[in-house]
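**Q** File follows, target-v9.pdb with PDB, C-alpha atoms:
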```pdb
ATOM      1  CA  MET A   1      26.419  49.553 -25.225  1.00  0.00           C
ATOM      2  CA  MET A   2      25.599  49.621 -28.949  1.00  0.00           C
ATOM      3  CA  ASP A   3      26.068  53.378 -29.119  1.00  0.00           C
ATOM      4  CA  ASN A   4      29.589  53.044 -27.723  1.00  0.00           C
ATOM      5  CA  ASN A   5      30.521  50.420 -30.347  1.00  0.00           C
ATOM      6  CA  ALA A   6      29.026  52.531 -33.129  1.00  0.00           C
ATOM      7  CA  GLN A   7      30.966  55.551 -31.897  1.00  0.00           C
ATOM      8  CA  ASN A   8      34.231  53.557 -31.820  1.00  0.00           C
ATOM      9  CA  SER A   9      33.681  52.296 -35.378  1.00  0.00           C
ATOM     10  CA  GLN A  10      33.056  55.864 -36.551  1.00  0.00           C
ATOM     11  CA  GLU A  11      36.319  56.949 -34.911  1.00  0.00           C
ATOM     12  CA  VAL A  12      38.232  54.177 -36.671  1.00  0.00           C
ATOM     13  CA  GLN A  13      36.684  55.114 -40.001  1.00  0.00           C
ATOM     14  CA  ALA A  14      37.788  58.725 -39.489  1.00  0.00           C
ATOM     15  CA  VAL A  15      41.461  57.725 -39.508  1.00  0.00           C
ATOM     16  CA  ASP A  16      43.344  57.419 -42.790  1.00  0.00           C
ATOM     17  CA  PHE A  17      45.752  54.633 -41.852  1.00  0.00           C
ATOM     18  CA  GLU A  18      47.464  54.643 -45.252  1.00  0.00           C
ATOM     19  CA  LYS A  19      48.346  58.296 -44.720  1.00  0.00           C
ATOM     20  CA  ILE A  20      49.607  57.569 -41.199  1.00  0.00           C
ATOM     21  CA  ILE A  21      51.905  54.806 -42.458  1.00  0.00           C
ATOM     22  CA  GLU A  22      53.648  57.332 -44.712  1.00  0.00           C
ATOM     23  CA  THR A  23      54.286  59.884 -41.946  1.00  0.00           C
ATOM     24  CA  PRO A  24      57.818  60.355 -40.599  1.00  0.00           C
ATOM     25  CA  GLU A  25      56.545  59.851 -37.037  1.00  0.00           C
ATOM     26  CA  PHE A  26      55.133  56.411 -37.826  1.00  0.00           C
ATOM     27  CA  LYS A  27      58.240  55.385 -39.754  1.00  0.00           C
ATOM     28  CA  ALA A  28      60.401  56.476 -36.804  1.00  0.00           C
ATOM     29  CA  LEU A  29      58.202  54.496 -34.398  1.00  0.00           C
ATOM     30  CA  THR A  30      58.426  51.414 -36.603  1.00  0.00           C
ATOM     31  CA  SER A  31      62.189  51.805 -36.826  1.00  0.00           C
ATOM     32  CA  ARG A  32      62.568  52.136 -33.029  1.00  0.00           C
ATOM     33  CA  LYS A  33      60.372  49.095 -32.484  1.00  0.00           C
ATOM     34  CA  THR A  34      62.382  47.030 -34.976  1.00  0.00           C
ATOM     35  CA  LYS A  35      65.690  48.118 -33.419  1.00  0.00           C
ATOM     36  CA  PHE A  36      64.352  47.182 -29.992  1.00  0.00           C
ATOM     37  CA  MET A  37      63.029  43.753 -30.997  1.00  0.00           C
ATOM     38  CA  THR A  38      65.765  42.527 -33.353  1.00  0.00           C
ATOM     39  CA  PRO A  39      68.426  41.659 -30.729  1.00  0.00           C
ATOM     40  CA  TYR A  40      65.880  39.755 -28.631  1.00  0.00           C
ATOM     41  CA  ILE A  41      64.674  37.789 -31.645  1.00  0.00           C
ATOM     42  CA  ILE A  42      68.228  36.888 -32.656  1.00  0.00           C
ATOM     43  CA  VAL A  43      69.209  35.793 -29.135  1.00  0.00           C
ATOM     44  CA  PHE A  44      66.062  33.706 -28.769  1.00  0.00           C
ATOM     45  CA  LEU A  45      66.411  31.983 -32.139  1.00  0.00           C
ATOM     46  CA  VAL A  46      70.081  31.183 -31.546  1.00  0.00           C
ATOM     47  CA  ALA A  47      69.316  29.799 -28.076  1.00  0.00           C
ATOM     48  CA  PHE A  48      66.298  27.868 -29.374  1.00  0.00           C
ATOM     49  CA  PHE A  49      68.097  26.189 -32.268  1.00  0.00           C
ATOM     50  CA  MET A  50      71.251  25.502 -30.255  1.00  0.00           C
ATOM     51  CA  LEU A  51      69.394  23.049 -27.994  1.00  0.00           C
ATOM     52  CA  PRO A  52      68.727  20.408 -30.677  1.00  0.00           C
ATOM     53  CA  ILE A  53      72.148  21.015 -32.224  1.00  0.00           C
ATOM     54  CA  LEU A  54      73.979  20.627 -28.910  1.00  0.00           C
ATOM     55  CA  THR A  55      71.991  17.566 -27.874  1.00  0.00           C
ATOM     56  CA  GLY A  56      71.995  15.852 -31.257  1.00  0.00           C
ATOM     57  CA  TYR A  57      75.496  16.460 -32.519  1.00  0.00           C
ATOM     58  CA  THR A  58      77.674  16.978 -29.423  1.00  0.00           C
ATOM     59  CA  LYS A  59      78.067  15.565 -25.942  1.00  0.00           C
ATOM     60  CA  VAL A  60      78.403  18.999 -24.279  1.00  0.00           C
ATOM     61  CA  LEU A  61      75.084  18.809 -22.418  1.00  0.00           C
ATOM     62  CA  ASN A  62      75.271  15.110 -21.479  1.00  0.00           C
ATOM     63  CA  SER A  63      77.162  15.517 -18.207  1.00  0.00           C
ATOM     64  CA  ASN A  64      75.289  15.705 -14.916  1.00  0.00           C
ATOM     65  CA  ALA A  65      74.788  19.164 -13.468  1.00  0.00           C
ATOM     66  CA  ILE A  66      72.819  18.544 -10.268  1.00  0.00           C
ATOM     67  CA  GLY A  67      72.455  14.955  -9.149  1.00  0.00           C
ATOM     68  CA  LEU A  68      70.916  12.971 -11.999  1.00  0.00           C
ATOM     69  CA  ILE A  69      69.782  16.091 -13.856  1.00  0.00           C
ATOM     70  CA  ASN A  70      72.003  16.756 -16.838  1.00  0.00           C
ATOM     71  CA  TRP A  71      72.687  20.061 -18.577  1.00  0.00           C
ATOM     72  CA  THR A  72      70.152  19.312 -21.318  1.00  0.00           C
ATOM     73  CA  TRP A  73      67.278  19.610 -18.849  1.00  0.00           C
ATOM     74  CA  ILE A  74      68.685  22.819 -17.393  1.00  0.00           C
ATOM     75  CA  TYR A  75      69.155  24.294 -20.868  1.00  0.00           C
ATOM     76  CA  ALA A  76      65.619  23.297 -21.876  1.00  0.00           C
ATOM     77  CA  PHE A  77      64.152  24.792 -18.698  1.00  0.00           C
ATOM     78  CA  SER A  78      66.174  27.968 -19.249  1.00  0.00           C
ATOM     79  CA  MET A  79      64.308  28.415 -22.540  1.00  0.00           C
ATOM     80  CA  PHE A  80      61.072  28.818 -20.568  1.00  0.00           C
ATOM     81  CA  VAL A  81      62.765  31.370 -18.330  1.00  0.00           C
ATOM     82  CA  LEU A  82      64.205  33.197 -21.350  1.00  0.00           C
ATOM     83  CA  THR A  83      60.783  33.334 -22.988  1.00  0.00           C
ATOM     84  CA  TRP A  84      59.193  34.675 -19.811  1.00  0.00           C
ATOM     85  CA  VAL A  85      61.900  37.326 -19.333  1.00  0.00           C
ATOM     86  CA  PHE A  86      61.740  38.486 -22.958  1.00  0.00           C
ATOM     87  CA  SER A  87      57.935  38.612 -22.813  1.00  0.00           C
ATOM     88  CA  THR A  88      58.061  40.730 -19.668  1.00  0.00           C
ATOM     89  CA  ILE A  89      60.600  43.111 -21.185  1.00  0.00           C
ATOM     90  CA  TYR A  90      58.558  43.480 -24.362  1.00  0.00           C
ATOM     91  CA  THR A  91      55.300  43.985 -22.466  1.00  0.00           C
ATOM     92  CA  LYS A  92      56.801  46.846 -20.479  1.00  0.00           C
ATOM     93  CA  LYS A  93      58.331  48.460 -23.559  1.00  0.00           C
ATOM     94  CA  ALA A  94      55.219  47.911 -25.691  1.00  0.00           C
ATOM     95  CA  SER A  95      53.221  50.287 -23.508  1.00  0.00           C
ATOM     96  CA  SER A  96      55.464  53.153 -24.624  1.00  0.00           C
ATOM     97  CA  PHE A  97      55.103  52.051 -28.265  1.00  0.00           C
ATOM     98  CA  ASP A  98      51.317  51.952 -27.823  1.00  0.00           C
ATOM     99  CA  LYS A  99      51.273  55.470 -26.355  1.00  0.00           C
ATOM    100  CA  GLU A 100      53.327  56.789 -29.264  1.00  0.00           C
ATOM    101  CA  ALA A 101      51.032  55.048 -31.759  1.00  0.00           C
ATOM    102  CA  GLU A 102      47.958  56.560 -30.102  1.00  0.00           C
ATOM    103  CA  GLU A 103      49.539  60.024 -30.247  1.00  0.00           C
ATOM    104  CA  ILE A 104      50.306  59.583 -33.939  1.00  0.00           C
ATOM    105  CA  ILE A 105      46.754  58.406 -34.672  1.00  0.00           C
ATOM    106  CA  GLU A 106      45.202  61.254 -32.682  1.00  0.00           C
ATOM    107  CA  LYS A 107      47.375  63.737 -34.544  1.00  0.00           C
ATOM    108  CA  HIS A 108      46.098  62.471 -37.897  1.00  0.00           C
ATOM    109  CA  ILE A 109      42.394  61.960 -37.169  1.00  0.00           C
ATOM    110  CA  LEU A 110      40.312  63.329 -40.018  1.00  0.00           C
ATOM    111  CA  LYS A 111      37.863  66.001 -38.947  1.00  0.00           C
TER
END
```
Can the structure from this file be put into structure tokens for me?

**A**
Amino acid sequence: MMDNNAQNSQEVQAVDFEKIIETPEFKALTSRKTKFMTPYIIVFLVAFFMLPILTGYTKVLNSNAIGLINWTWIYAFSMFVLTWVFSTIYTKKASSFDKEAEEIIEKHILK
């Protein structure tokens, strides 16, 4: 067990991460990741901050939707669903980002 950890630490030390950050491949990966995440972040933040604005300053969400449950509760619950959906989407996409990052690191391992 100790030998495996020592071997992993030697592998990490053999990678010049500062050099990798400057490579075009890494910059392209970072750019693709940012372009992928930005719309999701914007949508989430708008949806998140609209709840207190709509409940505090308007009466839009005060009407009943289903029985005694008003739209505020549905909107608030939808935030949990939105978070879960966005997390699932990112988790699936992150595996491709991780594979690309591993390929870039393997390409630049110092020998």

**Q** Can you give me, as an NGL selection string, the residues this file yields under the PyMOL selection byres ((chain A and resi 93-102) around 12)?

**A** :A and (12 or 15 or 17 or 20-21 or 23 or 25-34 or 36-37 or 86-92 or 103-109)

**Q** Please provide the set of residues having any atom within 9 Å of A:Leu51, restricted to all atoms listed in the file, with same-chain residues fewer than 4 positions apart removed, written as a list in words.

**A**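 Near neighbours after the sequence-gap exclusion: Val46, Ala47, Thr55, Gly56, Thr72, Tyr75 and Ala76 of chain A.
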
**Q** Report the distance between atom CA of A:Trp84 and atom CA of A:Ile42 in Å, rounded to one decimal place.

**A** 15.9 Å

**Q** Would you compute the distance between atom CA of A:Phe48 and atom CA of A:Met79? Give it in Å to one decimal.

**A**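 Interatomic distance here is 7.1 Å.
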